file upload-v9.tsv (TSV, C-alpha atoms)
chain	number	residue	atom	x	y	z
A	1	MET	CA	-71.64	45.51	8.59
A	2	SER	CA	-73.56	47.03	5.68
A	3	GLU	CA	-72.44	47.47	2.10
A	4	PHE	CA	-73.62	50.81	0.70
A	5	LEU	CA	-74.95	50.43	-2.83
A	6	ASP	CA	-75.42	54.18	-3.43
A	7	ALA	CA	-72.19	55.50	-1.90
A	8	SER	CA	-72.41	58.74	-3.94
A	9	ASP	CA	-75.53	59.66	-1.98
A	10	ASP	CA	-74.00	59.14	1.47
A	11	ASP	CA	-73.69	62.87	2.17
A	12	ASN	CA	-77.30	63.53	1.22
A	13	PHE	CA	-78.47	60.63	3.33
A	14	ALA	CA	-76.43	61.65	6.37
A	15	SER	CA	-77.91	65.15	6.32
A	16	ALA	CA	-81.50	64.29	5.37
A	17	GLY	CA	-84.28	65.22	7.74
A	18	LEU	CA	-86.26	62.12	6.77
A	19	ARG	CA	-84.46	59.05	5.50
A	20	LEU	CA	-85.40	55.56	4.41
A	21	THR	CA	-83.01	52.60	4.44
A	22	VAL	CA	-83.96	49.68	2.21
A	23	ASP	CA	-82.28	46.35	2.94
A	24	LEU	CA	-82.11	44.56	-0.40
A	25	SER	CA	-80.76	41.38	1.19
A	26	ALA	CA	-83.85	41.17	3.40
A	27	LEU	CA	-86.02	41.83	0.35
A	28	THR	CA	-84.49	39.02	-1.70
A	29	GLU	CA	-84.52	36.62	1.26
A	30	ASN	CA	-88.21	37.34	1.72
A	31	TRP	CA	-88.78	36.53	-1.96
A	32	ARG	CA	-86.88	33.26	-1.61
A	33	ASP	CA	-88.92	32.46	1.51
A	34	MET	CA	-92.17	33.02	-0.38
A	35	ALA	CA	-90.85	31.00	-3.30
A	36	ARG	CA	-90.20	28.08	-0.93
A	37	ARG	CA	-93.66	28.43	0.58
A	38	SER	CA	-95.12	28.38	-2.94
A	39	GLY	CA	-94.01	24.77	-3.37
A	40	ALA	CA	-94.26	23.62	-6.98
A	41	ALA	CA	-95.58	26.99	-8.13
A	42	ARG	CA	-93.30	29.74	-9.37
A	43	ALA	CA	-93.20	32.88	-7.26
A	44	ALA	CA	-93.60	36.19	-9.05
A	45	ALA	CA	-92.75	39.56	-7.51
A	46	VAL	CA	-95.32	42.34	-7.21
A	47	VAL	CA	-93.58	45.71	-7.54
A	48	LYS	CA	-96.54	48.02	-8.16
A	49	ALA	CA	-96.77	51.47	-6.53
A	50	ASP	CA	-93.03	52.00	-7.04
A	51	ALA	CA	-92.36	48.69	-5.25
A	52	TYR	CA	-94.64	49.65	-2.36
A	53	GLY	CA	-92.84	52.97	-2.06
A	54	LEU	CA	-89.32	51.52	-1.89
A	55	GLY	CA	-88.18	52.18	-5.47
A	56	ILE	CA	-88.96	49.95	-8.42
A	57	GLU	CA	-85.52	50.34	-10.00
A	58	ASP	CA	-83.31	49.02	-7.19
A	59	THR	CA	-85.84	46.54	-5.80
A	60	GLY	CA	-86.75	45.25	-9.25
A	61	GLU	CA	-83.11	44.69	-10.15
A	62	ALA	CA	-82.44	42.94	-6.83
A	63	LEU	CA	-85.43	40.63	-7.23
A	64	TYR	CA	-84.50	39.85	-10.83
A	65	THR	CA	-80.92	39.04	-9.78
A	66	ALA	CA	-82.32	36.79	-7.04
A	67	GLY	CA	-84.20	34.77	-9.65
A	68	ALA	CA	-87.65	36.34	-10.08
A	69	ARG	CA	-88.77	36.07	-13.70
A	70	ASP	CA	-92.44	37.06	-13.40
A	71	PHE	CA	-93.37	40.55	-12.21
A	72	PHE	CA	-96.62	42.43	-11.69
A	73	VAL	CA	-96.91	46.20	-11.98
A	74	ALA	CA	-99.96	48.46	-11.84
A	75	THR	CA	-99.36	50.71	-14.86
A	76	VAL	CA	-97.65	50.69	-18.22
A	77	ASP	CA	-95.26	53.41	-16.96
A	78	GLU	CA	-94.09	51.10	-14.18
A	79	GLY	CA	-93.65	48.30	-16.71
A	80	VAL	CA	-91.51	50.45	-18.99
A	81	THR	CA	-89.27	51.41	-16.07
A	82	LEU	CA	-88.98	47.85	-14.76
A	83	ARG	CA	-88.03	46.48	-18.19
A	84	LEU	CA	-84.68	48.27	-17.90
A	85	TYR	CA	-83.86	46.29	-14.76
A	86	ALA	CA	-85.49	42.95	-15.57
A	87	PRO	CA	-84.46	42.42	-19.21
A	88	ASP	CA	-86.01	39.04	-19.98
A	89	ALA	CA	-88.67	38.83	-17.27
A	90	ARG	CA	-92.38	38.47	-18.02
A	91	ILE	CA	-94.01	41.71	-16.84
A	92	PHE	CA	-97.78	41.83	-16.35
A	93	VAL	CA	-99.58	45.19	-16.25
A	94	LEU	CA	-102.57	44.91	-13.92
A	95	ALA	CA	-104.39	48.02	-15.21
A	96	GLY	CA	-104.49	46.47	-18.67
A	97	ILE	CA	-104.19	48.14	-22.04
A	98	TRP	CA	-105.94	51.30	-23.21
A	99	PRO	CA	-106.08	53.18	-26.52
A	100	GLY	CA	-102.82	54.98	-27.15
A	101	THR	CA	-100.66	52.64	-25.05
A	102	GLU	CA	-100.30	49.80	-27.58
A	103	ARG	CA	-96.83	50.71	-28.85
A	104	ARG	CA	-95.47	51.01	-25.30
A	105	PHE	CA	-96.68	47.47	-24.55
A	106	PHE	CA	-95.17	46.03	-27.71
A	107	ASP	CA	-91.92	48.01	-27.63
A	108	ASN	CA	-91.27	46.99	-24.02
A	109	ASP	CA	-92.62	43.43	-24.20
A	110	LEU	CA	-95.29	43.98	-21.53
A	111	VAL	CA	-98.26	41.68	-20.99
A	112	PRO	CA	-101.64	43.38	-20.46
A	113	VAL	CA	-104.06	41.93	-17.92
A	114	ILE	CA	-107.53	41.99	-19.51
A	115	SER	CA	-110.11	42.65	-16.80
A	116	SER	CA	-113.33	43.82	-18.44
A	117	ASP	CA	-115.55	43.39	-21.49
A	118	GLU	CA	-114.45	46.80	-22.75
A	119	GLN	CA	-110.77	45.90	-22.49
A	120	PHE	CA	-111.39	42.58	-24.19
A	121	ALA	CA	-113.14	44.29	-27.13
A	122	PHE	CA	-110.28	46.74	-27.49
A	123	TRP	CA	-107.73	43.93	-27.24
A	124	MET	CA	-109.45	42.09	-30.10
A	125	ALA	CA	-109.14	45.23	-32.23
A	126	VAL	CA	-105.46	45.53	-31.33
A	127	LEU	CA	-104.78	41.92	-32.31
A	128	ALA	CA	-106.51	42.50	-35.64
A	129	ASP	CA	-104.01	45.27	-36.38
A	130	TYR	CA	-100.86	43.86	-34.78
A	131	GLY	CA	-101.23	40.08	-34.87
A	132	ASP	CA	-100.46	37.56	-32.14
A	133	TYR	CA	-99.48	38.89	-28.73
A	134	PRO	CA	-99.82	37.40	-25.23
A	135	CYS	CA	-102.21	38.65	-22.57
A	136	ALA	CA	-103.52	37.58	-19.17
A	137	LEU	CA	-107.18	37.22	-18.18
A	138	HIS	CA	-108.39	38.45	-14.82
A	139	VAL	CA	-111.55	36.69	-13.64
A	140	ASP	CA	-113.72	37.95	-10.77
A	141	THR	CA	-114.41	35.06	-8.38
A	142	GLY	CA	-116.09	37.17	-5.71
A	143	PHE	CA	-114.01	40.28	-5.07
A	144	SER	CA	-116.33	42.50	-7.16
A	145	ARG	CA	-113.48	44.74	-8.19
A	146	LEU	CA	-111.89	43.88	-11.55
A	147	GLY	CA	-112.29	40.81	-13.68
A	148	LEU	CA	-114.45	39.08	-16.27
A	149	ARG	CA	-117.47	37.24	-14.93
A	150	ILE	CA	-116.84	33.54	-14.40
A	151	ASP	CA	-119.43	32.37	-16.92
A	152	ASP	CA	-118.18	34.84	-19.52
A	153	ALA	CA	-114.58	33.68	-19.07
A	154	ILE	CA	-115.60	30.03	-19.42
A	155	ALA	CA	-117.73	30.78	-22.48
A	156	LEU	CA	-114.78	32.59	-24.04
A	157	ALA	CA	-112.58	29.55	-23.53
A	158	ASP	CA	-115.16	27.37	-25.28
A	159	ASP	CA	-115.84	29.83	-28.11
A	160	VAL	CA	-114.50	28.17	-31.25
A	161	SER	CA	-115.05	31.39	-33.20
A	162	ARG	CA	-112.66	33.44	-31.10
A	163	PRO	CA	-109.66	34.79	-33.05
A	164	ALA	CA	-106.70	32.43	-33.25
A	165	SER	CA	-104.46	35.35	-32.27
A	166	PHE	CA	-106.13	35.49	-28.83
A	167	ALA	CA	-103.60	33.60	-26.72
A	168	PRO	CA	-103.77	34.17	-22.96
A	169	VAL	CA	-100.65	33.01	-21.13
A	170	LEU	CA	-102.17	33.43	-17.65
A	171	VAL	CA	-105.59	33.24	-16.01
A	172	MET	CA	-105.73	34.95	-12.62
A	173	SER	CA	-108.06	36.00	-9.82
A	174	HIS	CA	-107.69	37.59	-6.39
A	175	LEU	CA	-108.78	36.52	-2.92
A	176	ALA	CA	-110.96	38.92	-0.95
A	177	CYS	CA	-110.32	37.40	2.50
A	178	GLY	CA	-106.96	35.65	2.18
A	179	ASP	CA	-105.65	37.49	5.24
A	180	ASP	CA	-108.24	35.57	7.33
A	181	PRO	CA	-107.44	31.85	6.93
A	182	THR	CA	-110.74	30.84	8.56
A	183	HIS	CA	-113.00	32.83	6.25
A	184	VAL	CA	-115.44	30.70	4.26
A	185	MET	CA	-115.03	32.90	1.20
A	186	ASN	CA	-111.51	31.59	0.56
A	187	ARG	CA	-112.81	28.12	-0.23
A	188	GLN	CA	-115.70	29.53	-2.25
A	189	GLN	CA	-113.35	31.54	-4.43
A	190	LEU	CA	-111.03	28.57	-4.79
A	191	GLU	CA	-113.83	26.38	-6.13
A	192	SER	CA	-114.96	29.13	-8.51
A	193	PHE	CA	-111.43	29.59	-9.80
A	194	ARG	CA	-111.05	25.87	-10.35
A	195	ARG	CA	-114.02	26.04	-12.72
A	196	VAL	CA	-112.17	28.65	-14.73
A	197	THR	CA	-108.81	26.88	-14.79
A	198	ALA	CA	-110.49	23.69	-15.99
A	199	ALA	CA	-111.70	25.63	-19.03
A	200	TYR	CA	-108.19	26.95	-19.70
A	201	GLU	CA	-106.27	23.72	-19.32
A	202	GLY	CA	-102.60	24.06	-20.16
A	203	ILE	CA	-102.49	27.79	-19.41
A	204	ASP	CA	-100.75	29.13	-16.30
A	205	SER	CA	-103.08	30.13	-13.46
A	206	SER	CA	-102.63	32.34	-10.40
A	207	LEU	CA	-104.89	32.96	-7.39
A	208	ALA	CA	-102.64	33.55	-4.37
A	209	ALA	CA	-101.03	36.84	-3.43
A	210	SER	CA	-99.01	37.05	-0.19
A	211	ALA	CA	-101.83	35.96	2.12
A	212	GLY	CA	-103.02	33.23	-0.23
A	213	ILE	CA	-99.58	31.61	-0.24
A	214	PHE	CA	-99.97	30.93	3.49
A	215	LEU	CA	-103.31	29.16	2.84
A	216	GLY	CA	-101.47	26.17	1.38
A	217	GLU	CA	-100.83	24.39	-1.89
A	218	ASP	CA	-104.49	24.22	-2.93
A	219	TYR	CA	-104.27	27.95	-3.57
A	220	HIS	CA	-100.88	28.04	-5.30
A	221	PHE	CA	-101.72	26.81	-8.82
A	222	ASN	CA	-98.85	27.58	-11.27
A	223	LEU	CA	-97.84	31.07	-10.18
A	224	THR	CA	-98.06	32.96	-6.89
A	225	ARG	CA	-97.94	36.74	-6.55
A	226	PRO	CA	-96.24	37.80	-3.28
A	227	GLY	CA	-96.40	41.53	-2.66
A	228	ILE	CA	-96.50	43.00	0.85
A	229	ALA	CA	-94.65	39.99	2.32
A	230	LEU	CA	-91.62	40.79	0.15
A	231	TYR	CA	-91.35	44.17	1.83
A	232	GLY	CA	-91.62	42.79	5.36
A	233	GLY	CA	-95.31	43.50	5.88
A	234	GLU	CA	-97.86	41.35	7.66
A	235	ALA	CA	-99.87	39.25	5.20
A	236	VAL	CA	-102.10	37.26	7.58
A	237	PHE	CA	-103.86	38.87	10.54
A	238	GLY	CA	-103.34	37.16	13.88
A	239	MET	CA	-100.27	35.21	12.77
A	240	ALA	CA	-96.71	36.03	13.80
A	241	ASN	CA	-95.09	37.74	10.84
A	242	PRO	CA	-92.21	35.53	9.59
A	243	MET	CA	-90.85	38.06	7.09
A	244	ARG	CA	-87.68	40.08	7.60
A	245	PRO	CA	-88.09	43.86	7.92
A	246	VAL	CA	-86.93	45.57	4.74
A	247	ALA	CA	-87.50	49.30	5.22
A	248	THR	CA	-86.40	51.50	8.10
A	249	ALA	CA	-87.68	55.08	8.24
A	250	GLU	CA	-85.97	57.65	10.45
A	251	ALA	CA	-86.55	61.33	11.17
A	252	ARG	CA	-84.06	63.82	12.56
A	253	VAL	CA	-84.57	65.34	16.01
A	254	ILE	CA	-84.70	69.10	15.46
A	255	GLN	CA	-85.00	70.10	19.09
A	256	VAL	CA	-85.25	68.63	22.57
A	257	ARG	CA	-87.15	70.88	24.94
A	258	SER	CA	-88.22	70.82	28.59
A	259	VAL	CA	-91.88	71.48	29.30
A	260	GLU	CA	-93.48	71.87	32.71
A	261	ALA	CA	-96.41	69.89	34.09
A	262	GLY	CA	-99.74	71.46	33.19
A	263	GLU	CA	-98.58	72.79	29.84
A	264	SER	CA	-100.22	71.50	26.64
A	265	VAL	CA	-98.62	69.96	23.57
A	266	SER	CA	-99.41	70.55	19.88
A	267	TYR	CA	-102.70	71.54	18.24
A	268	GLY	CA	-105.99	71.54	20.11
A	269	ARG	CA	-104.39	71.03	23.54
A	270	ALA	CA	-104.83	67.31	22.79
A	271	LEU	CA	-102.23	66.47	25.44
A	272	GLU	CA	-101.87	68.22	28.80
A	273	LEU	CA	-98.72	67.14	30.57
A	274	ARG	CA	-99.10	65.62	34.03
A	275	ARG	CA	-95.39	65.85	34.84
A	276	ASP	CA	-92.36	67.88	33.90
A	277	SER	CA	-91.32	66.40	30.56
A	278	ARG	CA	-88.68	66.39	27.87
A	279	LEU	CA	-90.00	66.40	24.31
A	280	ALA	CA	-88.15	65.61	21.08
A	281	ILE	CA	-89.49	67.36	17.97
A	282	VAL	CA	-88.64	65.49	14.78
A	283	SER	CA	-88.78	66.38	11.09
A	284	ALA	CA	-91.57	64.10	9.90
A	285	GLY	CA	-95.32	64.59	9.78
A	286	TYR	CA	-98.38	63.50	7.89
A	287	ALA	CA	-97.06	65.14	4.70
A	288	ASP	CA	-94.36	62.46	4.85
A	289	GLY	CA	-96.74	59.55	5.39
A	290	TYR	CA	-96.39	59.55	9.18
A	291	MET	CA	-100.12	59.51	9.67
A	292	ARG	CA	-101.97	62.00	11.82
A	293	SER	CA	-104.31	59.24	12.98
A	294	GLN	CA	-101.60	57.81	15.27
A	295	SER	CA	-101.44	60.99	17.33
A	296	SER	CA	-101.66	60.39	21.06
A	297	GLY	CA	-104.89	62.36	21.33
A	298	GLY	CA	-107.21	64.75	19.54
A	299	VAL	CA	-108.03	62.39	16.66
A	300	PRO	CA	-111.14	60.17	16.26
A	301	LEU	CA	-109.19	56.90	16.28
A	302	ARG	CA	-108.13	57.39	19.90
A	303	GLN	CA	-111.77	56.88	20.93
A	304	ALA	CA	-111.56	53.30	19.61
A	305	VAL	CA	-107.86	52.54	20.16
A	306	PRO	CA	-106.58	54.39	23.25
A	307	GLN	CA	-102.88	54.05	22.54
A	308	GLY	CA	-101.26	56.14	19.84
A	309	GLY	CA	-98.01	55.61	17.97
A	310	HIS	CA	-94.43	55.19	19.13
A	311	GLY	CA	-90.96	55.78	17.79
A	312	PHE	CA	-87.65	54.20	18.79
A	313	ILE	CA	-84.51	56.02	19.91
A	314	ALA	CA	-81.56	55.36	22.20
A	315	GLY	CA	-82.67	51.77	22.77
A	316	HIS	CA	-86.21	52.67	23.87
A	317	LYS	CA	-89.72	53.01	22.52
A	318	VAL	CA	-91.02	56.56	22.97
A	319	PRO	CA	-94.68	57.65	22.58
A	320	VAL	CA	-96.02	60.27	20.24
A	321	ALA	CA	-97.01	63.35	22.28
A	322	GLY	CA	-100.10	65.23	21.13
A	323	ARG	CA	-101.19	65.59	17.54
A	324	ILE	CA	-98.89	64.82	14.63
A	325	THR	CA	-98.63	67.89	12.39
A	326	MET	CA	-97.86	68.37	8.71
A	327	ASP	CA	-94.06	68.48	8.95
A	328	LEU	CA	-93.32	67.66	12.59
A	329	THR	CA	-94.01	65.02	15.24
A	330	ILE	CA	-93.36	65.31	18.97
A	331	PHE	CA	-92.14	62.35	21.01
A	332	ASP	CA	-92.04	62.14	24.81
A	333	VAL	CA	-88.49	61.20	25.81
A	334	THR	CA	-88.86	61.97	29.52
A	335	ASP	CA	-88.18	58.38	30.60
A	336	LEU	CA	-84.87	58.17	28.73
A	337	PRO	CA	-81.60	58.96	30.52
A	338	GLU	CA	-80.60	62.62	30.60
A	339	ASN	CA	-78.82	63.62	27.38
A	340	ALA	CA	-79.69	60.29	25.73
A	341	VAL	CA	-81.42	62.24	22.94
A	342	ARG	CA	-79.98	65.37	21.38
A	343	ALA	CA	-80.74	67.56	18.39
A	344	GLY	CA	-79.40	65.87	15.28
A	345	ASP	CA	-80.15	62.33	16.47
A	346	TYR	CA	-82.65	60.18	14.57
A	347	VAL	CA	-85.89	58.58	15.76
A	348	GLU	CA	-86.87	55.34	14.02
A	349	LEU	CA	-90.46	55.66	12.79
A	350	PHE	CA	-90.64	52.02	11.71
A	351	GLY	CA	-88.17	49.32	10.81
A	352	LYS	CA	-86.08	46.83	12.76
A	353	ASN	CA	-87.10	48.05	16.21
A	354	MET	CA	-90.58	49.42	15.46
A	355	ALA	CA	-92.48	46.86	13.41
A	356	LEU	CA	-94.20	48.33	10.36
A	357	ASP	CA	-97.52	46.73	11.24
A	358	GLU	CA	-97.40	47.88	14.85
A	359	VAL	CA	-97.11	51.43	13.55
A	360	ALA	CA	-99.92	50.75	11.07
A	361	ARG	CA	-102.26	49.44	13.77
A	362	ALA	CA	-101.69	52.56	15.85
A	363	ALA	CA	-102.75	54.56	12.79
A	364	GLY	CA	-105.81	52.39	12.19
A	365	THR	CA	-104.52	51.09	8.87
A	366	ILE	CA	-102.27	48.42	7.35
A	367	GLY	CA	-98.59	48.27	6.51
A	368	TYR	CA	-99.30	48.69	2.79
A	369	GLU	CA	-100.61	52.21	3.34
A	370	ILE	CA	-97.72	53.22	5.59
A	371	LEU	CA	-95.13	52.13	3.02
A	372	THR	CA	-96.85	53.59	0.00
A	373	SER	CA	-97.61	56.88	1.79
A	374	MET	CA	-93.98	57.76	2.43
A	375	GLY	CA	-93.57	61.25	0.95
A	376	LEU	CA	-91.15	62.60	-1.61
A	377	ARG	CA	-89.01	64.30	1.03
A	378	HIS	CA	-87.27	61.19	2.32
A	379	GLU	CA	-83.79	60.33	1.15
A	380	ARG	CA	-83.35	56.66	0.25
A	381	ARG	CA	-80.34	54.46	0.90
A	382	TYR	CA	-80.03	50.90	-0.35
A	383	VAL	CA	-77.90	48.47	1.62
A	384	ALA	CA	-77.16	44.75	1.55
A	385	GLU	CA	-76.78	43.56	5.11
A	386	GLU	CA	-75.05	40.29	5.84
call {"tool": "encode", "arguments": {"input": "upload-v9.tsv", "output": "structure tokens"}}
result
Amino acid sequence: MSEFLDASDDDNFASAGLRLTVDLSALTENWRDMARRSGAARAAAVVKADAYGLGIEDTGEALYTAGARDFFVATVDEGVTLRLYAPDARIFVLAGIWPGTERRFFDNDLVPVISSDEQFAFWMAVLADYGDYPCALHVDTGFSRLGLRIDDAIALADDVSRPASFAPVLVMSHLACGDDPTHVMNRQQLESFRRVTAAYEGIDSSLAASAGIFLGEDYHFNLTRPGIALYGGEAVFGMANPMRPVATAEARVIQVRSVEAGESVSYGRALELRRDSRLAIVSAGYADGYMRSQSSGGVPLRQAVPQGGHGFIAGHKVPVAGRITMDLTIFDVTDLPENAVRAGDYVELFGKNMALDEVARAAGTIGYEILTSMGLRHERRYVAEE
């Protein structure tokens, strides 16, 4: 039995063409699981990109209530929103601080992550005007994305002339190949990061996101940063996913129609039916994040991965038929019992019966992109399932 947390929205949810159910109990259990796997390290919660598309307000509050006290967001706007739901948490802003955003950081007690020489120079100017304030340092150990160079970060730690107001509370880096436990780069980055943490003795350090947590305690340091694993996604390729599914996306069946053998389906005649078929047309397409690349034919990916996507309805997996279009997707329900699917029913696009990462693989991508691509047209419902 489920407890509805947004009962006032029940009518909207029941009538929505595209709906998303978010299980907050599964979310918080996944966070506790990652906290246990983090051993002696504290586990933060990464809620950037509107909590991976699931809503930073409700998910942030649930994670805070579960015990999370360190959060990572991408932008200052996300930090300002999260502060309302995580009142005394430490909130790190990964994009750092930029001219014109200072007051929003200070007024909302947000911690900027300093990731470049330009940001560091600006941060020094801010401290000169505002006095002491915490920050985090991001160091590039091989990702070549954001971060101070290793030697520059170490030199900064040893610079006796640096302002006394410069007080980092966290030194962090990010693994490039953490999702592949056998990759040699993991150990190389670990050794590089150890050089940095030795220079910042006594300051919290963080290297492992979701995948890095599974690499073991050498990678945990003081603080881990689980993200996709919290939302039920696969963090390590080739390993059975131990996380509970959190989000279930469903789309309404608009019509069930009979089509004769030899007729074609959807754009480009990408599918020509070999048998008399029944097709269910549902109200979700690539404008809603249900990616065109998982069409059953007529897209480049099918040349490399023959099988397209599936949905789940009436106890069965059903294949996508033809190309996915902007607002609509067609599923082949021929093998289901007669009248098992009717207009008004819902097809599960991913969730408890259709694993998020199975859907992602059919689209040639990863679960992160599926979650964060869910469009504005879905109606959300938050539940706590026992």
call {"tool": "atom_distance", "arguments": {"input": "upload-v9.tsv", "atom1": "CA of Ala280 (chain A)", "atom2": "CA of Asp23 (chain A)"}}
result
27.1 Å
call {"tool": "atom_distance", "arguments": {"input": "upload-v9.tsv", "atom1": "CA of Arg145 (chain A)", "atom2": "CA of Pro168 (chain A)"}}
result
20.6 Å
call {"tool": "residues_near_point", "arguments": {"input": "upload-v9.tsv", "point": "(-112.9, 28.4, -14.9)", "cutoff": "10 Å", "atoms": "all atoms listed in the file", "output": "MDAnalysis selection string"}}
result
chainID A and resid 139 141 149:155 157 171:172 191:201
call {"tool": "residues_around", "arguments": {"input": "upload-v9.tsv", "residues": "Pro87 (chain A)", "least_positions_apart": "5", "cutoff": "12 Å", "atoms": "only C-alpha atoms", "output": "PDB file with C-alpha atoms, in the frame of the given file"}}
result
ATOM      1  CA  GLY A  60     -86.750  45.250  -9.250  1.00  0.00           C
ATOM      2  CA  GLU A  61     -83.110  44.690 -10.150  1.00  0.00           C
ATOM      3  CA  TYR A  64     -84.500  39.850 -10.830  1.00  0.00           C
ATOM      4  CA  THR A  65     -80.920  39.040  -9.780  1.00  0.00           C
ATOM      5  CA  ALA A  68     -87.650  36.340 -10.080  1.00  0.00           C
ATOM      6  CA  ARG A  69     -88.770  36.070 -13.700  1.00  0.00           C
ATOM      7  CA  ASP A  70     -92.440  37.060 -13.400  1.00  0.00           C
ATOM      8  CA  PHE A  71     -93.370  40.550 -12.210  1.00  0.00           C
ATOM      9  CA  GLY A  79     -93.650  48.300 -16.710  1.00  0.00           C
ATOM     10  CA  VAL A  80     -91.510  50.450 -18.990  1.00  0.00           C
ATOM     11  CA  THR A  81     -89.270  51.410 -16.070  1.00  0.00           C
ATOM     12  CA  LEU A  82     -88.980  47.850 -14.760  1.00  0.00           C
ATOM     13  CA  ASN A 108     -91.270  46.990 -24.020  1.00  0.00           C
ATOM     14  CA  ASP A 109     -92.620  43.430 -24.200  1.00  0.00           C
ATOM     15  CA  LEU A 110     -95.290  43.980 -21.530  1.00  0.00           C
TER      16      LEU A 110
END
call {"tool": "closest_residue", "arguments": {"input": "upload-v9.tsv", "among": "A:Gly55, A:Pro226, A:Gly298, A:Gly311", "to": "Ala35 (chain A)", "atoms": "only C-alpha atoms"}}
result
A:Pro226
call {"tool": "axis_aligned_box", "arguments": {"input": "upload-v9.tsv", "around": "region 335-354 of chain A", "padding_each_side": "8 Å", "output": "lines of an AutoDock Vina configuration file"}}
result
center_x = -84.7
center_y = 57.2
center_z = 20.7
size_x = 27.8
size_y = 36.7
size_z = 35.8
call {"tool": "closest_residue", "arguments": {"input": "upload-v9.tsv", "among": "A:Leu63, A:Met124, A:Leu273, A:Val236", "to": "Ala44 (chain A)", "atoms": "all atoms listed in the file"}}
result
A:Leu63
call {"tool": "atom_distance", "arguments": {"input": "upload-v9.tsv", "atom1": "CA of Ala229 (chain A)", "atom2": "CA of Asn353 (chain A)"}}
result
17.7 Å
call {"tool": "residues_around", "arguments": {"input": "upload-v9.tsv", "residues": "Trp31 (chain A)", "least_positions_apart": "3", "cutoff": "6 Å", "atoms": "all atoms listed in the file", "output": "PDB file with C-alpha atoms, keeping the file's coordinate frame"}}
result
ATOM      1  CA  THR A  28     -84.490  39.020  -1.700  1.00  0.00           C
ATOM      2  CA  MET A  34     -92.170  33.020  -0.380  1.00  0.00           C
ATOM      3  CA  LEU A 230     -91.620  40.790   0.150  1.00  0.00           C
TER       4      LEU A 230
END
call {"tool": "closest_residue", "arguments": {"input": "upload-v9.tsv", "among": "A:Leu376, A:Ala208, A:Val22, A:Ala66", "to": "Asp179 (chain A)", "atoms": "all atoms listed in the file"}}
result
A:Ala208
call {"tool": "residues_near_point", "arguments": {"input": "upload-v9.tsv", "point": "(-97.8, 53.2, 18.9)", "cutoff": "12 Å", "atoms": "all atoms listed in the file", "output": "ChimeraX atom specification"}}
result
/A:290-291,293-297,302,305-312,317-321,331,349-350,354-364
call {"tool": "write_last_selection", "arguments": {"input": "upload-v9.tsv", "atoms": "C-alpha atoms", "output": "mmCIF file, in the frame of the given file"}}
result
data_model
loop_
_atom_site.group_PDB
_atom_site.id
_atom_site.type_symbol
_atom_site.label_atom_id
_atom_site.label_comp_id
_atom_site.auth_asym_id
_atom_site.auth_seq_id
_atom_site.Cartn_x
_atom_site.Cartn_y
_atom_site.Cartn_z
ATOM 1 C CA TYR A 290 -96.390 59.550 9.180
ATOM 2 C CA MET A 291 -100.120 59.510 9.670
ATOM 3 C CA SER A 293 -104.310 59.240 12.980
ATOM 4 C CA GLN A 294 -101.600 57.810 15.270
ATOM 5 C CA SER A 295 -101.440 60.990 17.330
ATOM 6 C CA SER A 296 -101.660 60.390 21.060
ATOM 7 C CA GLY A 297 -104.890 62.360 21.330
ATOM 8 C CA ARG A 302 -108.130 57.390 19.900
ATOM 9 C CA VAL A 305 -107.860 52.540 20.160
ATOM 10 C CA PRO A 306 -106.580 54.390 23.250
ATOM 11 C CA GLN A 307 -102.880 54.050 22.540
ATOM 12 C CA GLY A 308 -101.260 56.140 19.840
ATOM 13 C CA GLY A 309 -98.010 55.610 17.970
ATOM 14 C CA HIS A 310 -94.430 55.190 19.130
ATOM 15 C CA GLY A 311 -90.960 55.780 17.790
ATOM 16 C CA PHE A 312 -87.650 54.200 18.790
ATOM 17 C CA LYS A 317 -89.720 53.010 22.520
ATOM 18 C CA VAL A 318 -91.020 56.560 22.970
ATOM 19 C CA PRO A 319 -94.680 57.650 22.580
ATOM 20 C CA VAL A 320 -96.020 60.270 20.240
ATOM 21 C CA ALA A 321 -97.010 63.350 22.280
ATOM 22 C CA PHE A 331 -92.140 62.350 21.010
ATOM 23 C CA LEU A 349 -90.460 55.660 12.790
ATOM 24 C CA PHE A 350 -90.640 52.020 11.710
ATOM 25 C CA MET A 354 -90.580 49.420 15.460
ATOM 26 C CA ALA A 355 -92.480 46.860 13.410
ATOM 27 C CA LEU A 356 -94.200 48.330 10.360
ATOM 28 C CA ASP A 357 -97.520 46.730 11.240
ATOM 29 C CA GLU A 358 -97.400 47.880 14.850
ATOM 30 C CA VAL A 359 -97.110 51.430 13.550
ATOM 31 C CA ALA A 360 -99.920 50.750 11.070
ATOM 32 C CA ARG A 361 -102.260 49.440 13.770
ATOM 33 C CA ALA A 362 -101.690 52.560 15.850
ATOM 34 C CA ALA A 363 -102.750 54.560 12.790
ATOM 35 C CA GLY A 364 -105.810 52.390 12.190
#
call {"tool": "closest_residue", "arguments": {"input": "upload-v9.tsv", "among": "A:Glu250, A:Asp132, A:Glu385, A:Glu260", "to": "Glu348 (chain A)", "atoms": "all atoms listed in the file"}}
result
A:Glu250
call {"tool": "residues_around", "arguments": {"input": "upload-v9.tsv", "residues": "Glu379 (chain A)", "least_positions_apart": "4", "cutoff": "10 Å", "atoms": "only C-alpha atoms", "output": "PyMOL selection string"}}
result
chain A and resi 9-10+12-21+249-250+375
call {"tool": "closest_residue", "arguments": {"input": "upload-v9.tsv", "among": "A:Arg257, A:Arg103, A:Arg244, A:Arg377", "to": "Leu24 (chain A)", "atoms": "all atoms listed in the file"}}
result
A:Arg244
call {"tool": "residues_around", "arguments": {"input": "upload-v9.tsv", "residues": "Gly212 (chain A)", "least_positions_apart": "3", "cutoff": "9 Å", "atoms": "all atoms listed in the file", "output": "list in words"}}
result
His174, Leu175, Cys177, Gly178, Asp179, Pro181, Asn186, Leu207, Ala208, Ala209, Leu215, Gly216, Tyr219, His220, Thr224, Arg225, Pro226, Ala235 and Val236 of chain A
